[in-house]
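One structure below.
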Amino acid sequence: MRIATWNINSVRARVDRALAYLQTRQIDVLALQETKVKDAAFPAEPFEAAGYEVAHFGLNQWNGVAIVSRAGLANVRAGFPGQPAFAKPGAPPALEARAIGADCGGVTVWSLYVPHGRAQGDPHMAYKLQFLQALTHDAVRSLSADPQTQLALVGDFNVAPLDSDVWDPAVFEGNTHTSPPERAGFAALAEAGLREVTRDHLSAEHAYTFWDYQQLRFAKNEGMRIDFAYCSPALADRVKAVRIAREERKGKGASDHVPVEIDLD
DNA sequence: ATGACTCATTACATGAGA
């Protein structure tokens, strides 16, 4: 079974690209982030015509996560237990569309879009750290309940764990994605017993998954590695290969992220 | 080659992204 995760940066703008990608790469389960659409407007029909089932969680033009599967799609959950809500000034806390889970071919897959953080000191940064902490707590709960669980937490983690995961660490000093608290929040998932399998299978430096649209970042290969797959030990043992679909950044109408593929036995 | 931001919005300027 081949699972892929992709921050698609609007599913409506790239539905044809997504369909071609599913077919070309023979993807069984595709976790999408930043679909940027409400549930009612998600273009499910073309995916269904291609033989896939779709589960989507989208509230407005921001965020939005989906799972597209031809390996089964059951027990769909919007939001993970304990997921923090975000309180905009003057508004009650509201859950954002940043997590959807489903059982696909014997694997529980979560498509995750970790908050960006915006800036050090911004309320969104505290929210980002809370999100990672709550995700870790829920992972601990799942692993405790069933040590053999087949669990994959995939998506855009918005953290660059190593200096070699960004083209120039100096650019990120004092900014988001590389700060010690963010890296600690990311590492806590490993300390909880999960394994980040893309690093296990693809340790090369500058194996980027994101290139900003601005300033010719892709042409200059000035990217970031921020899309990952944390797996339970039992599932991690089944991972045979990992591939970054760099070709998806090419051409007109590309997302700024590319898919990351995980092959299971 | 890979190409100079892009996407969605009760839109024509703004917010968000990283």
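Residue numbering restarts at 1 for every chain of the structure tokens, chains are lettered A, B, ... in their displayed order, and ligands are numbered from 1 as they appear.
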Margin query: Contacts from chain A to chain B, 9 Å maximum, only C-alpha atoms (C1' of nucleotides): show me the residue list as a VMD selection string.
Written below: chain A and resid 9 to 10 13 36 to 37 61 to 62 116 118 158 176 to 177 210 to 216 218 to 221 224 249 to 251 255 to 256
Take the residues that were just selected and, keeping N, CA and C atoms, output them as a PDB file, in the first residue's frame.
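Output contents, as saved in part-v2.pdb:
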ATOM      1  N   ASN A   9      -2.572  23.210  -1.166  1.00  0.00           N
ATOM      2  CA  ASN A   9      -2.772  24.660  -1.319  1.00  0.00           C
ATOM      3  C   ASN A   9      -3.927  24.961  -2.283  1.00  0.00           C
ATOM      4  N   SER A  10      -5.079  24.504  -1.923  1.00  0.00           N
ATOM      5  CA  SER A  10      -6.350  24.618  -2.674  1.00  0.00           C
ATOM      6  C   SER A  10      -6.593  23.388  -3.547  1.00  0.00           C
ATOM      7  N   ALA A  13      -8.143  24.404  -7.052  1.00  0.00           N
ATOM      8  CA  ALA A  13      -7.200  24.927  -8.046  1.00  0.00           C
ATOM      9  C   ALA A  13      -6.360  23.812  -8.657  1.00  0.00           C
ATOM     10  N   LYS A  36      -8.556  24.413   1.476  1.00  0.00           N
ATOM     11  CA  LYS A  36      -9.102  25.774   1.309  1.00  0.00           C
ATOM     12  C   LYS A  36     -10.519  25.790   0.750  1.00  0.00           C
ATOM     13  N   VAL A  37     -11.363  24.926   1.307  1.00  0.00           N
ATOM     14  CA  VAL A  37     -12.735  24.854   0.793  1.00  0.00           C
ATOM     15  C   VAL A  37     -13.653  24.305   1.893  1.00  0.00           C
ATOM     16  N   GLN A  61     -12.380  29.152   3.867  1.00  0.00           N
ATOM     17  CA  GLN A  61     -11.274  29.190   2.895  1.00  0.00           C
ATOM     18  C   GLN A  61      -9.909  28.927   3.507  1.00  0.00           C
ATOM     19  N   TRP A  62      -9.905  28.779   4.848  1.00  0.00           N
ATOM     20  CA  TRP A  62      -8.617  28.544   5.507  1.00  0.00           C
ATOM     21  C   TRP A  62      -8.497  27.065   5.888  1.00  0.00           C
ATOM     22  N   HIS A 116       0.846  27.343  11.577  1.00  0.00           N
ATOM     23  CA  HIS A 116       2.102  27.949  11.134  1.00  0.00           C
ATOM     24  C   HIS A 116       2.842  28.633  12.287  1.00  0.00           C
ATOM     25  N   ARG A 118       3.056  31.919  12.725  1.00  0.00           N
ATOM     26  CA  ARG A 118       3.139  33.332  12.279  1.00  0.00           C
ATOM     27  C   ARG A 118       4.386  34.052  12.751  1.00  0.00           C
ATOM     28  N   ASN A 158       4.903  21.995   9.799  1.00  0.00           N
ATOM     29  CA  ASN A 158       5.358  23.385   9.919  1.00  0.00           C
ATOM     30  C   ASN A 158       6.520  23.546  10.903  1.00  0.00           C
ATOM     31  N   THR A 176       9.927  31.694  12.640  1.00  0.00           N
ATOM     32  CA  THR A 176       9.194  30.448  12.889  1.00  0.00           C
ATOM     33  C   THR A 176       9.926  29.249  12.277  1.00  0.00           C
ATOM     34  N   HIS A 177       9.489  28.062  12.651  1.00  0.00           N
ATOM     35  CA  HIS A 177       9.855  26.769  12.062  1.00  0.00           C
ATOM     36  C   HIS A 177      11.144  26.124  12.573  1.00  0.00           C
ATOM     37  N   PHE A 210       9.022  21.728   0.494  1.00  0.00           N
ATOM     38  CA  PHE A 210       8.354  23.022   0.284  1.00  0.00           C
ATOM     39  C   PHE A 210       9.359  24.014  -0.278  1.00  0.00           C
ATOM     40  N   TRP A 211       8.888  24.783  -1.240  1.00  0.00           N
ATOM     41  CA  TRP A 211       9.669  25.914  -1.761  1.00  0.00           C
ATOM     42  C   TRP A 211       8.708  27.083  -1.912  1.00  0.00           C
ATOM     43  N   ASP A 212       9.048  28.200  -1.301  1.00  0.00           N
ATOM     44  CA  ASP A 212       8.191  29.379  -1.391  1.00  0.00           C
ATOM     45  C   ASP A 212       7.992  29.785  -2.848  1.00  0.00           C
ATOM     46  N   TYR A 213       6.793  30.308  -3.125  1.00  0.00           N
ATOM     47  CA  TYR A 213       6.533  30.796  -4.483  1.00  0.00           C
ATOM     48  C   TYR A 213       7.430  31.982  -4.850  1.00  0.00           C
ATOM     49  N   GLN A 214       7.859  32.727  -3.844  1.00  0.00           N
ATOM     50  CA  GLN A 214       8.560  33.988  -4.128  1.00  0.00           C
ATOM     51  C   GLN A 214      10.058  33.774  -4.304  1.00  0.00           C
ATOM     52  N   GLN A 215      10.667  34.684  -5.004  1.00  0.00           N
ATOM     53  CA  GLN A 215      12.127  34.807  -5.095  1.00  0.00           C
ATOM     54  C   GLN A 215      12.813  33.579  -5.675  1.00  0.00           C
ATOM     55  N   LEU A 216      12.148  32.940  -6.611  1.00  0.00           N
ATOM     56  CA  LEU A 216      12.766  31.825  -7.342  1.00  0.00           C
ATOM     57  C   LEU A 216      13.279  30.727  -6.418  1.00  0.00           C
ATOM     58  N   PHE A 218      12.312  27.723  -5.782  1.00  0.00           N
ATOM     59  CA  PHE A 218      12.439  26.369  -6.329  1.00  0.00           C
ATOM     60  C   PHE A 218      13.583  26.286  -7.335  1.00  0.00           C
ATOM     61  N   ALA A 219      13.669  27.287  -8.185  1.00  0.00           N
ATOM     62  CA  ALA A 219      14.747  27.275  -9.192  1.00  0.00           C
ATOM     63  C   ALA A 219      16.111  27.237  -8.520  1.00  0.00           C
ATOM     64  N   LYS A 220      16.203  27.859  -7.366  1.00  0.00           N
ATOM     65  CA  LYS A 220      17.483  27.897  -6.641  1.00  0.00           C
ATOM     66  C   LYS A 220      17.584  26.782  -5.599  1.00  0.00           C
ATOM     67  N   ASN A 221      16.565  25.933  -5.550  1.00  0.00           N
ATOM     68  CA  ASN A 221      16.469  24.872  -4.534  1.00  0.00           C
ATOM     69  C   ASN A 221      16.661  25.425  -3.120  1.00  0.00           C
ATOM     70  N   MET A 224      12.406  23.990   2.166  1.00  0.00           N
ATOM     71  CA  MET A 224      12.287  23.575   3.563  1.00  0.00           C
ATOM     72  C   MET A 224      11.727  22.159   3.590  1.00  0.00           C
ATOM     73  N   ARG A 249       6.441  19.980  -7.997  1.00  0.00           N
ATOM     74  CA  ARG A 249       6.667  21.426  -7.808  1.00  0.00           C
ATOM     75  C   ARG A 249       6.901  22.124  -9.153  1.00  0.00           C
ATOM     76  N   LYS A 250       7.056  21.341 -10.208  1.00  0.00           N
ATOM     77  CA  LYS A 250       7.408  21.900 -11.517  1.00  0.00           C
ATOM     78  C   LYS A 250       6.163  22.370 -12.266  1.00  0.00           C
ATOM     79  N   GLY A 251       6.409  23.212 -13.214  1.00  0.00           N
ATOM     80  CA  GLY A 251       5.363  23.599 -14.146  1.00  0.00           C
ATOM     81  C   GLY A 251       4.387  24.624 -13.603  1.00  0.00           C
ATOM     82  N   SER A 255       1.452  23.423  -6.438  1.00  0.00           N
ATOM     83  CA  SER A 255       1.410  23.820  -5.032  1.00  0.00           C
ATOM     84  C   SER A 255       2.818  24.211  -4.601  1.00  0.00           C
ATOM     85  N   ASP A 256       2.919  24.922  -3.489  1.00  0.00           N
ATOM     86  CA  ASP A 256       4.268  25.230  -2.975  1.00  0.00           C
ATOM     87  C   ASP A 256       4.851  24.055  -2.191  1.00  0.00           C
TER      88      ASP A 256
END
Note to self: Would you pick out the contacts of Thr108 (chain A) at 9 Å or less, using only C-alpha atoms (C1' of nucleotides), so that residues sharing its chain but fewer than 5 positions from it are not included, and give the list as number ranges by chain?
What the structure shows: A: 101-103, 149-153
Item checked: Which of region 17-218 of chain A fall in strand (DSSP E or B), as a count of residues only -> 45
Next item on the list: Mind checking which residues fall within 10 Å of Pro123 (chain A), counting only C-alpha atoms (C1' of nucleotides), ignoring those fewer than 3 positions away in the same chain, and posting them as an MDAnalysis selection string?
Entry: chainID A and resid 86:89 117:120 126:128
Would you mind exporting the chosen residues as a PDB file, in the first residue's frame, restricted to C-alpha atoms?
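Output (again-v6.pdb):
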ATOM      1  CA  PHE A  86      -8.085  28.857  18.557  1.00  0.00           C
ATOM      2  CA  ALA A  87      -9.632  31.967  20.040  1.00  0.00           C
ATOM      3  CA  LYS A  88      -9.609  34.989  17.772  1.00  0.00           C
ATOM      4  CA  PRO A  89      -9.767  38.298  19.672  1.00  0.00           C
ATOM      5  CA  GLY A 117       2.734  30.079  14.221  1.00  0.00           C
ATOM      6  CA  ARG A 118       3.139  33.332  12.279  1.00  0.00           C
ATOM      7  CA  ALA A 119       5.819  34.818  14.564  1.00  0.00           C
ATOM      8  CA  GLN A 120       7.514  34.348  17.925  1.00  0.00           C
ATOM      9  CA  ALA A 126       1.379  29.317  21.521  1.00  0.00           C
ATOM     10  CA  TYR A 127      -1.459  27.647  19.635  1.00  0.00           C
ATOM     11  CA  LYS A 128       1.042  25.776  17.438  1.00  0.00           C
TER      12      LYS A 128
END
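Across the model, the gap from CA of Tyr52 (chain A) to CA of Leu32 (chain A) is 13.6 Å.
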Next item on the list: Using only C-alpha atoms (C1' of nucleotides), determine which residues lie at most 12 Å from Ser232 (chain A), disregarding the query and same-chain residues fewer than 6 positions distant; provide the list as an MDAnalysis selection string.
Entry: chainID A and resid 107:109 136 139:144 146:154 189:197 238:239
Since we have the selection now, will you write its residues out, keeping C-alpha atoms, as a CSV table (one decimal), in the first residue's frame?
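In the end it all went to again.csv:
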chain,number,residue,atom,x,y,z
A,107,VAL,CA,-4.1,1.7,9.0
A,108,THR,CA,-5.4,4.6,10.9
A,109,VAL,CA,-4.3,7.7,8.9
A,136,THR,CA,1.5,14.0,21.4
A,139,ALA,CA,-0.5,9.5,20.4
A,140,VAL,CA,0.5,8.3,23.8
A,141,ARG,CA,-3.1,7.4,24.5
A,142,SER,CA,-3.4,5.4,21.3
A,143,LEU,CA,-0.1,3.6,21.8
A,144,SER,CA,-1.0,2.7,25.4
A,146,ASP,CA,-2.9,-0.8,21.7
A,147,PRO,CA,0.9,-1.2,21.4
A,148,GLN,CA,0.4,-2.9,18.0
A,149,THR,CA,-1.7,-0.1,16.6
A,150,GLN,CA,-1.2,0.7,12.9
A,151,LEU,CA,-1.1,4.5,13.1
A,152,ALA,CA,0.2,7.2,10.7
A,153,LEU,CA,0.2,10.9,11.6
A,154,VAL,CA,1.1,12.5,8.3
A,189,LEU,CA,6.2,12.8,19.2
A,190,ALA,CA,9.3,10.7,18.9
A,191,GLU,CA,9.8,10.7,22.6
A,192,ALA,CA,6.2,9.4,22.9
A,193,GLY,CA,7.2,6.4,20.9
A,194,LEU,CA,6.3,7.3,17.3
A,195,ARG,CA,8.9,7.1,14.5
A,196,GLU,CA,9.3,9.7,11.8
A,197,VAL,CA,9.7,7.3,9.0
A,238,ARG,CA,6.3,-2.0,7.5
A,239,VAL,CA,7.7,1.0,5.7
Notebook entry, point to check: as a PyMOL selection string, which residues of region 56-227 of chain A does DSSP assign to alpha helix (DSSP H)?
Noted result: chain A and resi 123-145+169-172+180-191+197-201
For the selection just defined, write its residues with N, CA and C atoms to a file, as a short mmCIF file (atom, residue, chain, number, x, y, z; two decimals), in the first residue's frame.
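Saved the output as part30.cif:
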data_model
loop_
_atom_site.label_atom_id
_atom_site.label_comp_id
_atom_site.auth_asym_id
_atom_site.auth_seq_id
_atom_site.Cartn_x
_atom_site.Cartn_y
_atom_site.Cartn_z
N PRO A 123 0.03 34.96 19.30
CA PRO A 123 -0.85 33.92 19.87
C PRO A 123 -0.88 32.64 19.04
N HIS A 124 -0.67 32.76 17.74
CA HIS A 124 -0.67 31.56 16.91
C HIS A 124 0.53 30.65 17.22
N MET A 125 1.61 31.21 17.77
CA MET A 125 2.74 30.36 18.12
C MET A 125 2.43 29.51 19.34
N ALA A 126 1.80 30.11 20.35
CA ALA A 126 1.38 29.32 21.52
C ALA A 126 0.39 28.23 21.09
N TYR A 127 -0.47 28.60 20.18
CA TYR A 127 -1.46 27.65 19.63
C TYR A 127 -0.76 26.50 18.92
N LYS A 128 0.26 26.81 18.14
CA LYS A 128 1.04 25.78 17.44
C LYS A 128 1.65 24.79 18.44
N LEU A 129 2.26 25.31 19.50
CA LEU A 129 2.90 24.44 20.49
C LEU A 129 1.86 23.62 21.23
N GLN A 130 0.70 24.22 21.53
CA GLN A 130 -0.39 23.47 22.18
C GLN A 130 -0.88 22.35 21.27
N PHE A 131 -0.97 22.65 20.00
CA PHE A 131 -1.46 21.67 19.02
C PHE A 131 -0.53 20.45 19.00
N LEU A 132 0.79 20.70 18.95
CA LEU A 132 1.76 19.60 18.94
C LEU A 132 1.71 18.81 20.25
N GLN A 133 1.56 19.53 21.35
CA GLN A 133 1.49 18.86 22.66
C GLN A 133 0.24 17.97 22.76
N ALA A 134 -0.88 18.49 22.32
CA ALA A 134 -2.12 17.71 22.37
C ALA A 134 -2.03 16.50 21.44
N LEU A 135 -1.40 16.70 20.29
CA LEU A 135 -1.22 15.59 19.35
C LEU A 135 -0.37 14.49 19.99
N THR A 136 0.66 14.90 20.71
CA THR A 136 1.53 13.96 21.41
C THR A 136 0.75 13.20 22.48
N HIS A 137 -0.07 13.93 23.23
CA HIS A 137 -0.86 13.27 24.27
C HIS A 137 -1.79 12.23 23.67
N ASP A 138 -2.38 12.57 22.54
CA ASP A 138 -3.31 11.62 21.92
C ASP A 138 -2.57 10.41 21.37
N ALA A 139 -1.35 10.63 20.87
CA ALA A 139 -0.55 9.51 20.38
C ALA A 139 -0.18 8.57 21.53
N VAL A 140 0.18 9.16 22.66
CA VAL A 140 0.49 8.34 23.85
C VAL A 140 -0.71 7.49 24.22
N ARG A 141 -1.90 8.11 24.19
CA ARG A 141 -3.13 7.40 24.52
C ARG A 141 -3.35 6.23 23.55
N SER A 142 -3.16 6.48 22.26
CA SER A 142 -3.36 5.42 21.26
C SER A 142 -2.37 4.28 21.44
N LEU A 143 -1.10 4.61 21.66
CA LEU A 143 -0.08 3.58 21.82
C LEU A 143 -0.30 2.77 23.09
N SER A 144 -0.76 3.44 24.15
CA SER A 144 -1.03 2.74 25.40
C SER A 144 -2.20 1.78 25.23
N ALA A 145 -3.23 2.25 24.52
CA ALA A 145 -4.43 1.43 24.35
C ALA A 145 -4.13 0.19 23.52
N PRO A 169 19.80 28.49 7.59
CA PRO A 169 19.28 28.63 8.96
C PRO A 169 19.27 30.06 9.45
N ALA A 170 20.19 30.88 8.98
CA ALA A 170 20.26 32.27 9.46
C ALA A 170 18.99 33.03 9.13
N VAL A 171 18.37 32.68 8.02
CA VAL A 171 17.14 33.37 7.61
C VAL A 171 16.02 33.14 8.62
N PHE A 172 16.09 32.02 9.34
CA PHE A 172 15.00 31.64 10.24
C PHE A 172 15.29 32.00 11.70
N PRO A 180 13.85 26.47 19.09
CA PRO A 180 13.92 25.32 20.01
C PRO A 180 12.56 24.85 20.50
N PRO A 181 11.63 25.73 20.90
CA PRO A 181 10.33 25.19 21.34
C PRO A 181 9.58 24.45 20.24
N GLU A 182 9.64 24.94 19.02
CA GLU A 182 8.96 24.25 17.92
C GLU A 182 9.60 22.89 17.67
N ARG A 183 10.93 22.87 17.66
CA ARG A 183 11.62 21.59 17.45
C ARG A 183 11.37 20.62 18.59
N ALA A 184 11.27 21.15 19.82
CA ALA A 184 10.95 20.28 20.96
C ALA A 184 9.54 19.71 20.83
N GLY A 185 8.62 20.54 20.34
CA GLY A 185 7.25 20.07 20.15
C GLY A 185 7.18 18.97 19.12
N PHE A 186 7.99 19.09 18.09
CA PHE A 186 8.06 18.04 17.05
C PHE A 186 8.71 16.77 17.61
N ALA A 187 9.81 16.95 18.34
CA ALA A 187 10.56 15.80 18.87
C ALA A 187 9.76 15.03 19.92
N ALA A 188 8.83 15.72 20.57
CA ALA A 188 8.05 15.05 21.63
C ALA A 188 7.26 13.87 21.06
N LEU A 189 6.89 13.95 19.81
CA LEU A 189 6.16 12.84 19.20
C LEU A 189 7.04 11.59 19.12
N ALA A 190 8.33 11.79 18.86
CA ALA A 190 9.27 10.66 18.85
C ALA A 190 9.50 10.15 20.28
N GLU A 191 9.58 11.08 21.21
CA GLU A 191 9.77 10.68 22.61
C GLU A 191 8.55 9.91 23.12
N VAL A 197 9.17 8.31 9.90
CA VAL A 197 9.74 7.34 8.96
C VAL A 197 10.35 7.98 7.72
N THR A 198 10.00 9.22 7.41
CA THR A 198 10.61 9.81 6.20
C THR A 198 12.11 10.06 6.44
N ARG A 199 12.45 10.40 7.68
CA ARG A 199 13.88 10.62 7.99
C ARG A 199 14.59 9.26 8.01
N ASP A 200 13.92 8.25 8.53
CA ASP A 200 14.53 6.92 8.58
C ASP A 200 14.94 6.45 7.19
N HIS A 201 14.11 6.75 6.21
CA HIS A 201 14.32 6.19 4.86
C HIS A 201 14.92 7.20 3.89
#
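Relative to CA of Ala254 (chain A), CA of Ala71 (chain A) is found at 26.4 Å.
In this model, the gap between CA of Ala160 (chain A) and CA of Leu264 (chain A) comes to 24.8 Å.
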Residues within 12 Å of Phe47 (chain A), please, as a PDB file with N, CA and C atoms, in the first residue's frame. Count only C-alpha atoms (C1' of nucleotides); anything in the same chain fewer than 5 positions from it doesn't count.
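Saved as selection.pdb:
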ATOM      1  N   VAL A  11      -7.543  22.583  -3.145  1.00  0.00           N
ATOM      2  CA  VAL A  11      -7.863  21.371  -3.924  1.00  0.00           C
ATOM      3  C   VAL A  11      -8.611  21.741  -5.202  1.00  0.00           C
ATOM      4  N   ARG A  12      -9.394  22.837  -5.159  1.00  0.00           N
ATOM      5  CA  ARG A  12     -10.136  23.208  -6.370  1.00  0.00           C
ATOM      6  C   ARG A  12      -9.202  23.724  -7.453  1.00  0.00           C
ATOM      7  N   VAL A  15      -7.309  20.168  -8.746  1.00  0.00           N
ATOM      8  CA  VAL A  15      -7.963  18.857  -8.778  1.00  0.00           C
ATOM      9  C   VAL A  15      -7.428  18.005  -9.935  1.00  0.00           C
ATOM     10  N   ASP A  16      -7.193  18.595 -11.092  1.00  0.00           N
ATOM     11  CA  ASP A  16      -6.665  17.812 -12.220  1.00  0.00           C
ATOM     12  C   ASP A  16      -5.254  17.302 -11.925  1.00  0.00           C
ATOM     13  N   ARG A  17      -4.480  18.143 -11.301  1.00  0.00           N
ATOM     14  CA  ARG A  17      -3.127  17.754 -10.925  1.00  0.00           C
ATOM     15  C   ARG A  17      -3.153  16.601  -9.922  1.00  0.00           C
ATOM     16  N   ALA A  18      -4.078  16.688  -8.980  1.00  0.00           N
ATOM     17  CA  ALA A  18      -4.181  15.633  -7.969  1.00  0.00           C
ATOM     18  C   ALA A  18      -4.592  14.306  -8.603  1.00  0.00           C
ATOM     19  N   LEU A  19      -5.549  14.363  -9.522  1.00  0.00           N
ATOM     20  CA  LEU A  19      -6.008  13.132 -10.180  1.00  0.00           C
ATOM     21  C   LEU A  19      -4.881  12.501 -10.999  1.00  0.00           C
ATOM     22  N   ALA A  20      -4.149  13.328 -11.706  1.00  0.00           N
ATOM     23  CA  ALA A  20      -3.026  12.809 -12.501  1.00  0.00           C
ATOM     24  C   ALA A  20      -1.964  12.208 -11.592  1.00  0.00           C
ATOM     25  N   TYR A  21      -1.735  12.856 -10.471  1.00  0.00           N
ATOM     26  CA  TYR A  21      -0.732  12.353  -9.528  1.00  0.00           C
ATOM     27  C   TYR A  21      -1.148  10.988  -8.953  1.00  0.00           C
ATOM     28  N   LEU A  22      -2.414  10.870  -8.547  1.00  0.00           N
ATOM     29  CA  LEU A  22      -2.907   9.596  -8.010  1.00  0.00           C
ATOM     30  C   LEU A  22      -2.685   8.471  -9.014  1.00  0.00           C
ATOM     31  N   GLN A  23      -2.965   8.778 -10.264  1.00  0.00           N
ATOM     32  CA  GLN A  23      -2.870   7.755 -11.310  1.00  0.00           C
ATOM     33  C   GLN A  23      -1.411   7.430 -11.637  1.00  0.00           C
ATOM     34  N   ASP A  28      -2.583   4.870  -3.067  1.00  0.00           N
ATOM     35  CA  ASP A  28      -3.762   4.230  -2.487  1.00  0.00           C
ATOM     36  C   ASP A  28      -4.481   5.137  -1.499  1.00  0.00           C
ATOM     37  N   VAL A  29      -3.707   5.862  -0.706  1.00  0.00           N
ATOM     38  CA  VAL A  29      -4.284   6.776   0.272  1.00  0.00           C
ATOM     39  C   VAL A  29      -3.550   8.105   0.175  1.00  0.00           C
ATOM     40  N   LEU A  30      -4.303   9.176  -0.036  1.00  0.00           N
ATOM     41  CA  LEU A  30      -3.698  10.511  -0.148  1.00  0.00           C
ATOM     42  C   LEU A  30      -4.283  11.409   0.936  1.00  0.00           C
ATOM     43  N   PHE A  42     -16.282  20.816  -1.809  1.00  0.00           N
ATOM     44  CA  PHE A  42     -15.151  19.933  -2.137  1.00  0.00           C
ATOM     45  C   PHE A  42     -15.477  19.154  -3.419  1.00  0.00           C
ATOM     46  N   TYR A  52     -11.877   6.390  -5.958  1.00  0.00           N
ATOM     47  CA  TYR A  52     -11.481   6.735  -4.599  1.00  0.00           C
ATOM     48  C   TYR A  52     -12.692   7.172  -3.778  1.00  0.00           C
ATOM     49  N   GLU A  53     -12.607   6.950  -2.480  1.00  0.00           N
ATOM     50  CA  GLU A  53     -13.543   7.542  -1.532  1.00  0.00           C
ATOM     51  C   GLU A  53     -12.895   8.787  -0.939  1.00  0.00           C
ATOM     52  N   VAL A  54     -13.728   9.712  -0.486  1.00  0.00           N
ATOM     53  CA  VAL A  54     -13.222  10.987   0.014  1.00  0.00           C
ATOM     54  C   VAL A  54     -13.842  11.305   1.361  1.00  0.00           C
ATOM     55  N   ALA A  55     -13.012  11.712   2.306  1.00  0.00           N
ATOM     56  CA  ALA A  55     -13.478  12.304   3.558  1.00  0.00           C
ATOM     57  C   ALA A  55     -12.808  13.670   3.686  1.00  0.00           C
ATOM     58  N   ALA A  66      -8.176  16.530   4.170  1.00  0.00           N
ATOM     59  CA  ALA A  66      -8.956  15.473   3.528  1.00  0.00           C
ATOM     60  C   ALA A  66      -8.150  14.179   3.494  1.00  0.00           C
ATOM     61  N   ILE A  67      -8.880  13.072   3.326  1.00  0.00           N
ATOM     62  CA  ILE A  67      -8.263  11.779   3.041  1.00  0.00           C
ATOM     63  C   ILE A  67      -8.977  11.203   1.827  1.00  0.00           C
ATOM     64  N   VAL A  68      -8.187  10.845   0.824  1.00  0.00           N
ATOM     65  CA  VAL A  68      -8.689  10.253  -0.410  1.00  0.00           C
ATOM     66  C   VAL A  68      -8.142   8.831  -0.451  1.00  0.00           C
ATOM     67  N   SER A  69      -9.034   7.843  -0.552  1.00  0.00           N
ATOM     68  CA  SER A  69      -8.556   6.461  -0.388  1.00  0.00           C
ATOM     69  C   SER A  69      -9.245   5.493  -1.332  1.00  0.00           C
ATOM     70  N   ARG A  70      -8.468   4.586  -1.883  1.00  0.00           N
ATOM     71  CA  ARG A  70      -9.033   3.446  -2.611  1.00  0.00           C
ATOM     72  C   ARG A  70      -8.733   2.149  -1.865  1.00  0.00           C
TER      73      ARG A  70
END
